[in-house]
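Okay, structure first, notes after.
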Amino acid sequence: MKFTVQKPIILASGSPRRQELLTLAGIPFDVQVSHAEEDIELIEQDFGRYVEQLAVKKASVVAENHPEALVIAADTIVVYEGAIYPKPSSAEQAVAFLKEFSGNTHSVFTGVCLLEGGKSKLFSVETKVTFRSIDEALVHAYVQSGDPMDKAGGYGIQTAGALLVEKIEGDYLNVVGLPLSKLVELLRKEGHIRLKEGEHFLDS
Ligand SMILES: Cc1cn([C@H]2C[C@H](O)[C@@H](COP(=O)(O)OP(=O)(O)OP(=O)(O)O)O2)c(=O)[nH]c1=O
């Protein structure tokens, strides 16, 4: 499957996962890593709005230098018992995060921003993730692998972090960092992408 684009698309993200996911959707794009300050205030426990605003910040920094493009940015956080768990700042913190999640259910929120000519479209998606009751040895072995350090909440559901997960409710790719089907639906609805000629033979 391939899409054509109406104008250049820039993914404002250094996340290899987000780049892989947009590639697998068949959307052509360039990458510009955004170095926005992540200093958004959480208002009334509205985590969806919080991640959307972080995505706006990331997109805005890149859009300044690319007014001709559609800029896409995203932000992912883990929320457990009303608190935000970002990327761990140390291995010790990753261990502490994972022990807290053990045997419990947390939420993963990803906010997405499409920014074009100063106009933005925003959405966010929540997925609930339930962890198994995990033993200390598994937590330490996983953290020692180094995998948690660049991931919100300190685990990757798409890597060995999968061993910690009992079940999820919602979009799996939202946990990985990009709610791809909803993003593609919005890009099509807004006329930013179209299926390539010959790629829509099932349409009537
Ligand atoms: C929970 C979870 C998060 N993650 C990742 C997705 C995001 O890359 C990262 C959250 O950090 P983000 O700040 O959302 O993104 P990033 O710094 O990696 O990339 P950029 O800001 O340049 O777009 O955590 C996984 O890969 N798997 C998971 O299971």
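Order determines the names: the first chain of the structure tokens is A, the second B, and so forth; residues in each chain are numbered 1 upward, and ligands are numbered 1 upward as they are shown.
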All residues 9 Å or closer to Lys182 in chain A, only C-alpha atoms, same chain fewer than 4 positions away omitted, as a tab-separated table (two decimals) with C-alpha atoms, in the first residue's frame:
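Saved the output as around-v3.tsv:
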chain	number	residue	atom	x	y	z
A	123	PHE	CA	-5.94	14.33	18.88
A	125	VAL	CA	-5.46	8.26	22.25
A	186	LEU	CA	-7.21	11.99	9.78
A	187	LEU	CA	-4.58	12.57	7.08
Quick one: contact table of chain A to ligand 1, 9 Å max, nearest atom pair and distance in Å to one decimal per residue, counting only C-alpha atoms and all ligand atoms, chain and number order, as JSON lines?
{"residue": "A:Leu11", "atom": "CA", "partner": "ligand 1", "partner_atom_place_in_ligand_line": "23 (O)", "distance": 8.2}
{"residue": "A:Ala12", "atom": "CA", "partner": "ligand 1", "partner_atom_place_in_ligand_line": "23 (O)", "distance": 6.3}
{"residue": "A:Ser13", "atom": "CA", "partner": "ligand 1", "partner_atom_place_in_ligand_line": "22 (O)", "distance": 3.4}
{"residue": "A:Gly14", "atom": "CA", "partner": "ligand 1", "partner_atom_place_in_ligand_line": "22 (O)", "distance": 3.6}
{"residue": "A:Ser15", "atom": "CA", "partner": "ligand 1", "partner_atom_place_in_ligand_line": "19 (O)", "distance": 4.0}
{"residue": "A:Pro16", "atom": "CA", "partner": "ligand 1", "partner_atom_place_in_ligand_line": "8 (O)", "distance": 7.1}
{"residue": "A:Arg17", "atom": "CA", "partner": "ligand 1", "partner_atom_place_in_ligand_line": "26 (O)", "distance": 6.1}
{"residue": "A:Arg18", "atom": "CA", "partner": "ligand 1", "partner_atom_place_in_ligand_line": "8 (O)", "distance": 6.8}
{"residue": "A:Gln32", "atom": "CA", "partner": "ligand 1", "partner_atom_place_in_ligand_line": "22 (O)", "distance": 8.7}
{"residue": "A:Val33", "atom": "CA", "partner": "ligand 1", "partner_atom_place_in_ligand_line": "22 (O)", "distance": 5.6}
{"residue": "A:Ser34", "atom": "CA", "partner": "ligand 1", "partner_atom_place_in_ligand_line": "22 (O)", "distance": 5.9}
{"residue": "A:His35", "atom": "CA", "partner": "ligand 1", "partner_atom_place_in_ligand_line": "22 (O)", "distance": 7.5}
{"residue": "A:Ala36", "atom": "CA", "partner": "ligand 1", "partner_atom_place_in_ligand_line": "21 (O)", "distance": 8.3}
{"residue": "A:Glu38", "atom": "CA", "partner": "ligand 1", "partner_atom_place_in_ligand_line": "13 (O)", "distance": 8.2}
{"residue": "A:Val51", "atom": "CA", "partner": "ligand 1", "partner_atom_place_in_ligand_line": "14 (O)", "distance": 8.4}
{"residue": "A:Leu54", "atom": "CA", "partner": "ligand 1", "partner_atom_place_in_ligand_line": "13 (O)", "distance": 8.6}
{"residue": "A:Ala55", "atom": "CA", "partner": "ligand 1", "partner_atom_place_in_ligand_line": "21 (O)", "distance": 8.1}
{"residue": "A:Lys58", "atom": "CA", "partner": "ligand 1", "partner_atom_place_in_ligand_line": "21 (O)", "distance": 7.0}
{"residue": "A:Ala73", "atom": "CA", "partner": "ligand 1", "partner_atom_place_in_ligand_line": "23 (O)", "distance": 6.3}
{"residue": "A:Ala74", "atom": "CA", "partner": "ligand 1", "partner_atom_place_in_ligand_line": "23 (O)", "distance": 5.6}
{"residue": "A:Asp75", "atom": "CA", "partner": "ligand 1", "partner_atom_place_in_ligand_line": "14 (O)", "distance": 3.5}
{"residue": "A:Thr76", "atom": "CA", "partner": "ligand 1", "partner_atom_place_in_ligand_line": "14 (O)", "distance": 3.7}
{"residue": "A:Ile77", "atom": "CA", "partner": "ligand 1", "partner_atom_place_in_ligand_line": "10 (C)", "distance": 6.2}
{"residue": "A:Val78", "atom": "CA", "partner": "ligand 1", "partner_atom_place_in_ligand_line": "1 (C)", "distance": 6.4}
{"residue": "A:Pro86", "atom": "CA", "partner": "ligand 1", "partner_atom_place_in_ligand_line": "10 (C)", "distance": 7.0}
{"residue": "A:Lys87", "atom": "CA", "partner": "ligand 1", "partner_atom_place_in_ligand_line": "11 (O)", "distance": 6.4}
{"residue": "A:Val108", "atom": "CA", "partner": "ligand 1", "partner_atom_place_in_ligand_line": "1 (C)", "distance": 6.4}
{"residue": "A:Phe109", "atom": "CA", "partner": "ligand 1", "partner_atom_place_in_ligand_line": "1 (C)", "distance": 8.8}
{"residue": "A:Thr110", "atom": "CA", "partner": "ligand 1", "partner_atom_place_in_ligand_line": "14 (O)", "distance": 7.2}
{"residue": "A:Gly111", "atom": "CA", "partner": "ligand 1", "partner_atom_place_in_ligand_line": "14 (O)", "distance": 8.5}
{"residue": "A:Pro148", "atom": "CA", "partner": "ligand 1", "partner_atom_place_in_ligand_line": "25 (C)", "distance": 8.5}
{"residue": "A:Met149", "atom": "CA", "partner": "ligand 1", "partner_atom_place_in_ligand_line": "24 (O)", "distance": 8.8}
{"residue": "A:Asp150", "atom": "CA", "partner": "ligand 1", "partner_atom_place_in_ligand_line": "24 (O)", "distance": 6.1}
{"residue": "A:Lys151", "atom": "CA", "partner": "ligand 1", "partner_atom_place_in_ligand_line": "24 (O)", "distance": 3.3}
{"residue": "A:Ala152", "atom": "CA", "partner": "ligand 1", "partner_atom_place_in_ligand_line": "24 (O)", "distance": 4.1}
{"residue": "A:Gly153", "atom": "CA", "partner": "ligand 1", "partner_atom_place_in_ligand_line": "1 (C)", "distance": 5.7}
{"residue": "A:Gly154", "atom": "CA", "partner": "ligand 1", "partner_atom_place_in_ligand_line": "1 (C)", "distance": 7.0}
{"residue": "A:Tyr155", "atom": "CA", "partner": "ligand 1", "partner_atom_place_in_ligand_line": "29 (O)", "distance": 5.4}
{"residue": "A:Gly156", "atom": "CA", "partner": "ligand 1", "partner_atom_place_in_ligand_line": "29 (O)", "distance": 3.4}
{"residue": "A:Ile157", "atom": "CA", "partner": "ligand 1", "partner_atom_place_in_ligand_line": "29 (O)", "distance": 3.7}
{"residue": "A:Gln158", "atom": "CA", "partner": "ligand 1", "partner_atom_place_in_ligand_line": "27 (N)", "distance": 6.1}
{"residue": "A:Thr159", "atom": "CA", "partner": "ligand 1", "partner_atom_place_in_ligand_line": "27 (N)", "distance": 7.7}
{"residue": "A:Gly161", "atom": "CA", "partner": "ligand 1", "partner_atom_place_in_ligand_line": "29 (O)", "distance": 7.1}
{"residue": "A:Ala162", "atom": "CA", "partner": "ligand 1", "partner_atom_place_in_ligand_line": "29 (O)", "distance": 8.0}
{"residue": "A:Tyr172", "atom": "CA", "partner": "ligand 1", "partner_atom_place_in_ligand_line": "29 (O)", "distance": 8.7}
{"residue": "A:Leu173", "atom": "CA", "partner": "ligand 1", "partner_atom_place_in_ligand_line": "27 (N)", "distance": 8.6}
{"residue": "A:Asn174", "atom": "CA", "partner": "ligand 1", "partner_atom_place_in_ligand_line": "2 (C)", "distance": 8.4}
{"residue": "A:Val175", "atom": "CA", "partner": "ligand 1", "partner_atom_place_in_ligand_line": "29 (O)", "distance": 5.0}
{"residue": "A:Val176", "atom": "CA", "partner": "ligand 1", "partner_atom_place_in_ligand_line": "27 (N)", "distance": 4.0}
{"residue": "A:Gly177", "atom": "CA", "partner": "ligand 1", "partner_atom_place_in_ligand_line": "6 (C)", "distance": 4.0}
{"residue": "A:Leu178", "atom": "CA", "partner": "ligand 1", "partner_atom_place_in_ligand_line": "6 (C)", "distance": 7.6}
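Around Val184 in chain A, within 12 Å and counting only C-alpha atoms, the residues found are Lys2, Phe3, Val5, Leu21, Leu22, Thr23, Leu24, Ala25, Gly26, Ile27, Ile72, Val112, Leu114, Leu178, Pro179, Leu180, Arg188, Lys189, Glu190, Gly191, His192, Ile193, Arg194 and Leu195 of chain A, once anything fewer than 4 positions away on its own chain is removed.
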Write out as a PDB file with C-alpha atoms, in the first residue's frame all residues of range 1-176 of chain A that backbone DSSP assigns to alpha helix (DSSP H).
ATOM      1  CA  PRO A  16      12.876   5.337  15.503  1.00  0.00           C
ATOM      2  CA  ARG A  17       9.505   3.729  16.287  1.00  0.00           C
ATOM      3  CA  ARG A  18       7.520   6.655  14.902  1.00  0.00           C
ATOM      4  CA  GLN A  19       9.665   6.684  11.768  1.00  0.00           C
ATOM      5  CA  GLU A  20       9.164   2.938  11.235  1.00  0.00           C
ATOM      6  CA  LEU A  21       5.407   3.166  11.747  1.00  0.00           C
ATOM      7  CA  LEU A  22       4.882   6.000   9.260  1.00  0.00           C
ATOM      8  CA  THR A  23       7.053   4.098   6.777  1.00  0.00           C
ATOM      9  CA  LEU A  24       4.997   0.932   7.137  1.00  0.00           C
ATOM     10  CA  PHE A  47      -3.593  13.914  30.161  1.00  0.00           C
ATOM     11  CA  GLY A  48      -4.940  13.859  26.612  1.00  0.00           C
ATOM     12  CA  ARG A  49      -4.685  17.622  26.363  1.00  0.00           C
ATOM     13  CA  TYR A  50      -1.240  17.510  28.009  1.00  0.00           C
ATOM     14  CA  VAL A  51       0.269  15.190  25.378  1.00  0.00           C
ATOM     15  CA  GLU A  52      -1.472  17.109  22.583  1.00  0.00           C
ATOM     16  CA  GLN A  53       0.136  20.353  23.773  1.00  0.00           C
ATOM     17  CA  LEU A  54       3.541  18.689  23.956  1.00  0.00           C
ATOM     18  CA  ALA A  55       3.053  17.503  20.373  1.00  0.00           C
ATOM     19  CA  VAL A  56       2.140  21.089  19.338  1.00  0.00           C
ATOM     20  CA  LYS A  57       5.391  22.341  20.851  1.00  0.00           C
ATOM     21  CA  LYS A  58       7.446  19.723  19.016  1.00  0.00           C
ATOM     22  CA  ALA A  59       5.679  20.470  15.712  1.00  0.00           C
ATOM     23  CA  SER A  60       5.907  24.274  16.079  1.00  0.00           C
ATOM     24  CA  VAL A  61       9.700  24.297  16.440  1.00  0.00           C
ATOM     25  CA  VAL A  62      10.121  22.397  13.168  1.00  0.00           C
ATOM     26  CA  ALA A  63       7.329  24.274  11.326  1.00  0.00           C
ATOM     27  CA  ALA A  91      18.209   2.657  35.791  1.00  0.00           C
ATOM     28  CA  GLU A  92      17.103   2.890  39.442  1.00  0.00           C
ATOM     29  CA  GLN A  93      14.107   4.963  38.423  1.00  0.00           C
ATOM     30  CA  ALA A  94      13.219   2.468  35.682  1.00  0.00           C
ATOM     31  CA  VAL A  95      13.247  -0.332  38.276  1.00  0.00           C
ATOM     32  CA  ALA A  96      11.011   1.739  40.576  1.00  0.00           C
ATOM     33  CA  PHE A  97       8.539   2.481  37.738  1.00  0.00           C
ATOM     34  CA  LEU A  98       8.260  -1.162  36.701  1.00  0.00           C
ATOM     35  CA  LYS A  99       7.768  -2.360  40.280  1.00  0.00           C
ATOM     36  CA  GLU A 100       4.913   0.110  40.673  1.00  0.00           C
ATOM     37  CA  PHE A 101       3.264  -1.097  37.465  1.00  0.00           C
ATOM     38  CA  GLU A 136      12.550  -8.652  40.977  1.00  0.00           C
ATOM     39  CA  ALA A 137      14.887 -10.816  38.894  1.00  0.00           C
ATOM     40  CA  LEU A 138      12.924 -10.139  35.702  1.00  0.00           C
ATOM     41  CA  VAL A 139      12.693  -6.392  36.412  1.00  0.00           C
ATOM     42  CA  HIS A 140      16.451  -6.131  37.014  1.00  0.00           C
ATOM     43  CA  ALA A 141      17.371  -8.240  33.999  1.00  0.00           C
ATOM     44  CA  TYR A 142      15.128  -6.134  31.780  1.00  0.00           C
ATOM     45  CA  VAL A 143      16.452  -2.817  33.099  1.00  0.00           C
ATOM     46  CA  GLN A 144      20.043  -4.042  32.739  1.00  0.00           C
ATOM     47  CA  TYR A 172      -1.345  -1.348  20.424  1.00  0.00           C
ATOM     48  CA  LEU A 173       0.582   1.066  18.194  1.00  0.00           C
ATOM     49  CA  ASN A 174      -0.515   3.927  20.432  1.00  0.00           C
ATOM     50  CA  VAL A 175       1.624   2.328  23.162  1.00  0.00           C
ATOM     51  CA  VAL A 176       4.556   2.037  20.741  1.00  0.00           C
TER      52      VAL A 176
END
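When CA of Gly118 in chain A is paired with CA of Leu70 in chain A, their separation reads 9.9 Å.
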Find the residues near Glu169 in chain A: any atom within 10 Å, counting only C-alpha atoms, skip ones fewer than 3 places away on the same chain, and give them as a VMD selection string. chain A and resid 107 126 to 130 172
Create the file for the chosen residues now, containing N, CA and C atoms and written as a PDB file, in the first residue's frame.
ATOM      1  N   SER A 107      -2.207   3.643  32.117  1.00  0.00           N
ATOM      2  CA  SER A 107      -2.632   4.127  30.800  1.00  0.00           C
ATOM      3  C   SER A 107      -1.449   4.679  30.034  1.00  0.00           C
ATOM      4  N   GLU A 126      -5.833   6.978  24.270  1.00  0.00           N
ATOM      5  CA  GLU A 126      -5.441   6.300  25.517  1.00  0.00           C
ATOM      6  C   GLU A 126      -5.544   4.791  25.332  1.00  0.00           C
ATOM      7  N   THR A 127      -4.523   4.091  25.762  1.00  0.00           N
ATOM      8  CA  THR A 127      -4.557   2.624  25.771  1.00  0.00           C
ATOM      9  C   THR A 127      -4.259   2.166  27.195  1.00  0.00           C
ATOM     10  N   LYS A 128      -5.052   1.200  27.678  1.00  0.00           N
ATOM     11  CA  LYS A 128      -4.813   0.680  29.037  1.00  0.00           C
ATOM     12  C   LYS A 128      -3.942  -0.568  28.944  1.00  0.00           C
ATOM     13  N   VAL A 129      -2.920  -0.619  29.781  1.00  0.00           N
ATOM     14  CA  VAL A 129      -1.976  -1.745  29.768  1.00  0.00           C
ATOM     15  C   VAL A 129      -1.930  -2.356  31.170  1.00  0.00           C
ATOM     16  N   THR A 130      -2.156  -3.654  31.244  1.00  0.00           N
ATOM     17  CA  THR A 130      -2.072  -4.368  32.530  1.00  0.00           C
ATOM     18  C   THR A 130      -0.798  -5.203  32.561  1.00  0.00           C
ATOM     19  N   TYR A 172      -2.709  -0.910  20.078  1.00  0.00           N
ATOM     20  CA  TYR A 172      -1.345  -1.348  20.424  1.00  0.00           C
ATOM     21  C   TYR A 172      -0.303  -0.329  19.956  1.00  0.00           C
TER      22      TYR A 172
END
DSSP strand (DSSP E or B) residues within range 14-201 of chain A, as number ranges by chain: A: 30-31, 70-80, 83-85, 105-116, 119-131, 165-169, 193-195
Just-selected residues, N, CA and C atoms written as a compact mmCIF listing (two decimals), in the first residue's frame:
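Listing of part_1.txt after writing:
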# COMPACT_ATOMS: atom_id res chain seq x y z
N ASP A 30 9.89 13.21 5.34
CA ASP A 30 11.25 13.49 5.80
C ASP A 30 11.20 13.61 7.32
N VAL A 31 12.37 13.52 7.92
CA VAL A 31 12.46 13.62 9.38
C VAL A 31 13.26 14.86 9.78
N LEU A 70 3.63 19.99 5.80
CA LEU A 70 2.75 19.53 6.87
C LEU A 70 3.66 18.85 7.90
N VAL A 71 3.64 19.36 9.11
CA VAL A 71 4.52 18.81 10.15
C VAL A 71 3.70 17.94 11.10
N ILE A 72 4.20 16.73 11.35
CA ILE A 72 3.54 15.80 12.27
C ILE A 72 4.46 15.57 13.48
N ALA A 73 3.89 15.71 14.67
CA ALA A 73 4.67 15.42 15.89
C ALA A 73 3.80 14.66 16.87
N ALA A 74 4.44 13.96 17.80
CA ALA A 74 3.69 13.17 18.78
C ALA A 74 4.42 13.16 20.12
N ASP A 75 3.67 12.89 21.16
CA ASP A 75 4.29 12.70 22.47
C ASP A 75 3.55 11.59 23.22
N THR A 76 4.32 10.76 23.90
CA THR A 76 3.76 9.61 24.62
C THR A 76 4.16 9.67 26.09
N ILE A 77 3.18 9.45 26.96
CA ILE A 77 3.47 9.34 28.41
C ILE A 77 2.72 8.13 28.97
N VAL A 78 3.21 7.68 30.11
CA VAL A 78 2.51 6.65 30.88
C VAL A 78 1.91 7.36 32.09
N VAL A 79 0.67 6.99 32.42
CA VAL A 79 0.00 7.58 33.59
C VAL A 79 -0.46 6.45 34.50
N TYR A 80 -0.07 6.56 35.77
CA TYR A 80 -0.49 5.55 36.74
C TYR A 80 -0.90 6.26 38.03
N ALA A 83 -0.43 10.05 38.19
CA ALA A 83 0.90 10.64 38.04
C ALA A 83 1.49 10.28 36.67
N ILE A 84 2.32 11.20 36.16
CA ILE A 84 2.94 11.00 34.85
C ILE A 84 4.29 10.30 35.01
N TYR A 85 4.50 9.27 34.19
CA TYR A 85 5.76 8.54 34.17
C TYR A 85 6.39 8.75 32.79
N THR A 105 -2.83 -1.86 36.43
CA THR A 105 -3.15 -1.33 35.10
C THR A 105 -2.80 0.15 35.05
N HIS A 106 -2.06 0.53 34.00
CA HIS A 106 -1.76 1.96 33.78
C HIS A 106 -2.26 2.35 32.39
N SER A 107 -2.21 3.64 32.12
CA SER A 107 -2.63 4.13 30.80
C SER A 107 -1.45 4.68 30.03
N VAL A 108 -1.48 4.50 28.73
CA VAL A 108 -0.50 5.15 27.85
C VAL A 108 -1.27 6.14 26.99
N PHE A 109 -0.84 7.39 27.04
CA PHE A 109 -1.46 8.45 26.23
C PHE A 109 -0.45 8.89 25.17
N THR A 110 -0.90 8.94 23.92
CA THR A 110 -0.09 9.59 22.89
C THR A 110 -0.92 10.72 22.29
N GLY A 111 -0.30 11.90 22.22
CA GLY A 111 -0.92 13.06 21.58
C GLY A 111 -0.25 13.28 20.24
N VAL A 112 -1.05 13.67 19.26
CA VAL A 112 -0.53 13.89 17.91
C VAL A 112 -0.94 15.28 17.44
N CYS A 113 -0.01 15.97 16.78
CA CYS A 113 -0.30 17.28 16.20
C CYS A 113 0.04 17.27 14.71
N LEU A 114 -0.91 17.72 13.89
CA LEU A 114 -0.66 18.00 12.47
C LEU A 114 -0.64 19.51 12.35
N LEU A 115 0.44 20.07 11.89
CA LEU A 115 0.56 21.53 11.81
C LEU A 115 0.91 21.95 10.39
N GLU A 116 0.08 22.87 9.87
CA GLU A 116 0.23 23.28 8.48
C GLU A 116 -0.17 24.73 8.36
N LYS A 119 -2.04 26.35 11.13
CA LYS A 119 -3.27 25.72 11.62
C LYS A 119 -2.95 24.31 12.13
N SER A 120 -3.52 23.99 13.29
CA SER A 120 -3.20 22.66 13.83
C SER A 120 -4.45 21.80 14.00
N LYS A 121 -4.26 20.50 13.84
CA LYS A 121 -5.28 19.49 14.17
C LYS A 121 -4.65 18.60 15.22
N LEU A 122 -5.40 18.38 16.31
CA LEU A 122 -4.85 17.61 17.42
C LEU A 122 -5.76 16.46 17.80
N PHE A 123 -5.15 15.38 18.23
CA PHE A 123 -5.94 14.33 18.88
C PHE A 123 -5.03 13.54 19.81
N SER A 124 -5.67 12.81 20.72
CA SER A 124 -4.88 11.94 21.60
C SER A 124 -5.64 10.63 21.78
N VAL A 125 -4.89 9.60 22.10
CA VAL A 125 -5.46 8.26 22.25
C VAL A 125 -4.93 7.66 23.55
N GLU A 126 -5.83 6.98 24.27
CA GLU A 126 -5.44 6.30 25.52
C GLU A 126 -5.54 4.79 25.33
N THR A 127 -4.52 4.09 25.76
CA THR A 127 -4.56 2.62 25.77
C THR A 127 -4.26 2.17 27.19
N LYS A 128 -5.05 1.20 27.68
CA LYS A 128 -4.81 0.68 29.04
C LYS A 128 -3.94 -0.57 28.94
N VAL A 129 -2.92 -0.62 29.78
CA VAL A 129 -1.98 -1.74 29.77
C VAL A 129 -1.93 -2.36 31.17
N THR A 130 -2.16 -3.65 31.24
CA THR A 130 -2.07 -4.37 32.53
C THR A 130 -0.80 -5.20 32.56
N PHE A 131 0.00 -5.00 33.61
CA PHE A 131 1.23 -5.77 33.78
C PHE A 131 0.96 -7.04 34.58
N VAL A 165 3.86 -7.64 30.09
CA VAL A 165 2.47 -7.26 29.80
C VAL A 165 1.54 -8.46 29.80
N GLU A 166 0.43 -8.32 30.57
CA GLU A 166 -0.58 -9.39 30.57
C GLU A 166 -1.63 -9.14 29.51
N LYS A 167 -2.13 -7.88 29.45
CA LYS A 167 -3.15 -7.57 28.43
C LYS A 167 -3.20 -6.07 28.18
N ILE A 168 -3.77 -5.72 27.03
CA ILE A 168 -4.00 -4.30 26.76
C ILE A 168 -5.43 -4.09 26.29
N GLU A 169 -5.88 -2.86 26.46
CA GLU A 169 -7.21 -2.48 25.99
C GLU A 169 -7.03 -1.22 25.15
N ILE A 193 -3.23 13.10 2.29
CA ILE A 193 -2.69 11.94 1.57
C ILE A 193 -3.81 11.27 0.79
N ARG A 194 -3.43 10.63 -0.30
CA ARG A 194 -4.40 9.87 -1.12
C ARG A 194 -3.77 8.55 -1.49
N LEU A 195 -4.62 7.52 -1.58
CA LEU A 195 -4.10 6.24 -2.05
C LEU A 195 -3.57 6.41 -3.47
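Separating CA of Ile43 in chain A from CA of Gly82 in chain A is a distance of 12.0 Å.
Straight-line separation from CA of Ser89 in chain A to CA of Ile10 in chain A: 28.4 Å.
Comparing the minimum interatomic distances between Ile134 in chain A and each of A:Ala160, A:Glu81, A:Gly103, A:Pro8, counting only C-alpha atoms, we find that A:Gly103 sits nearest.
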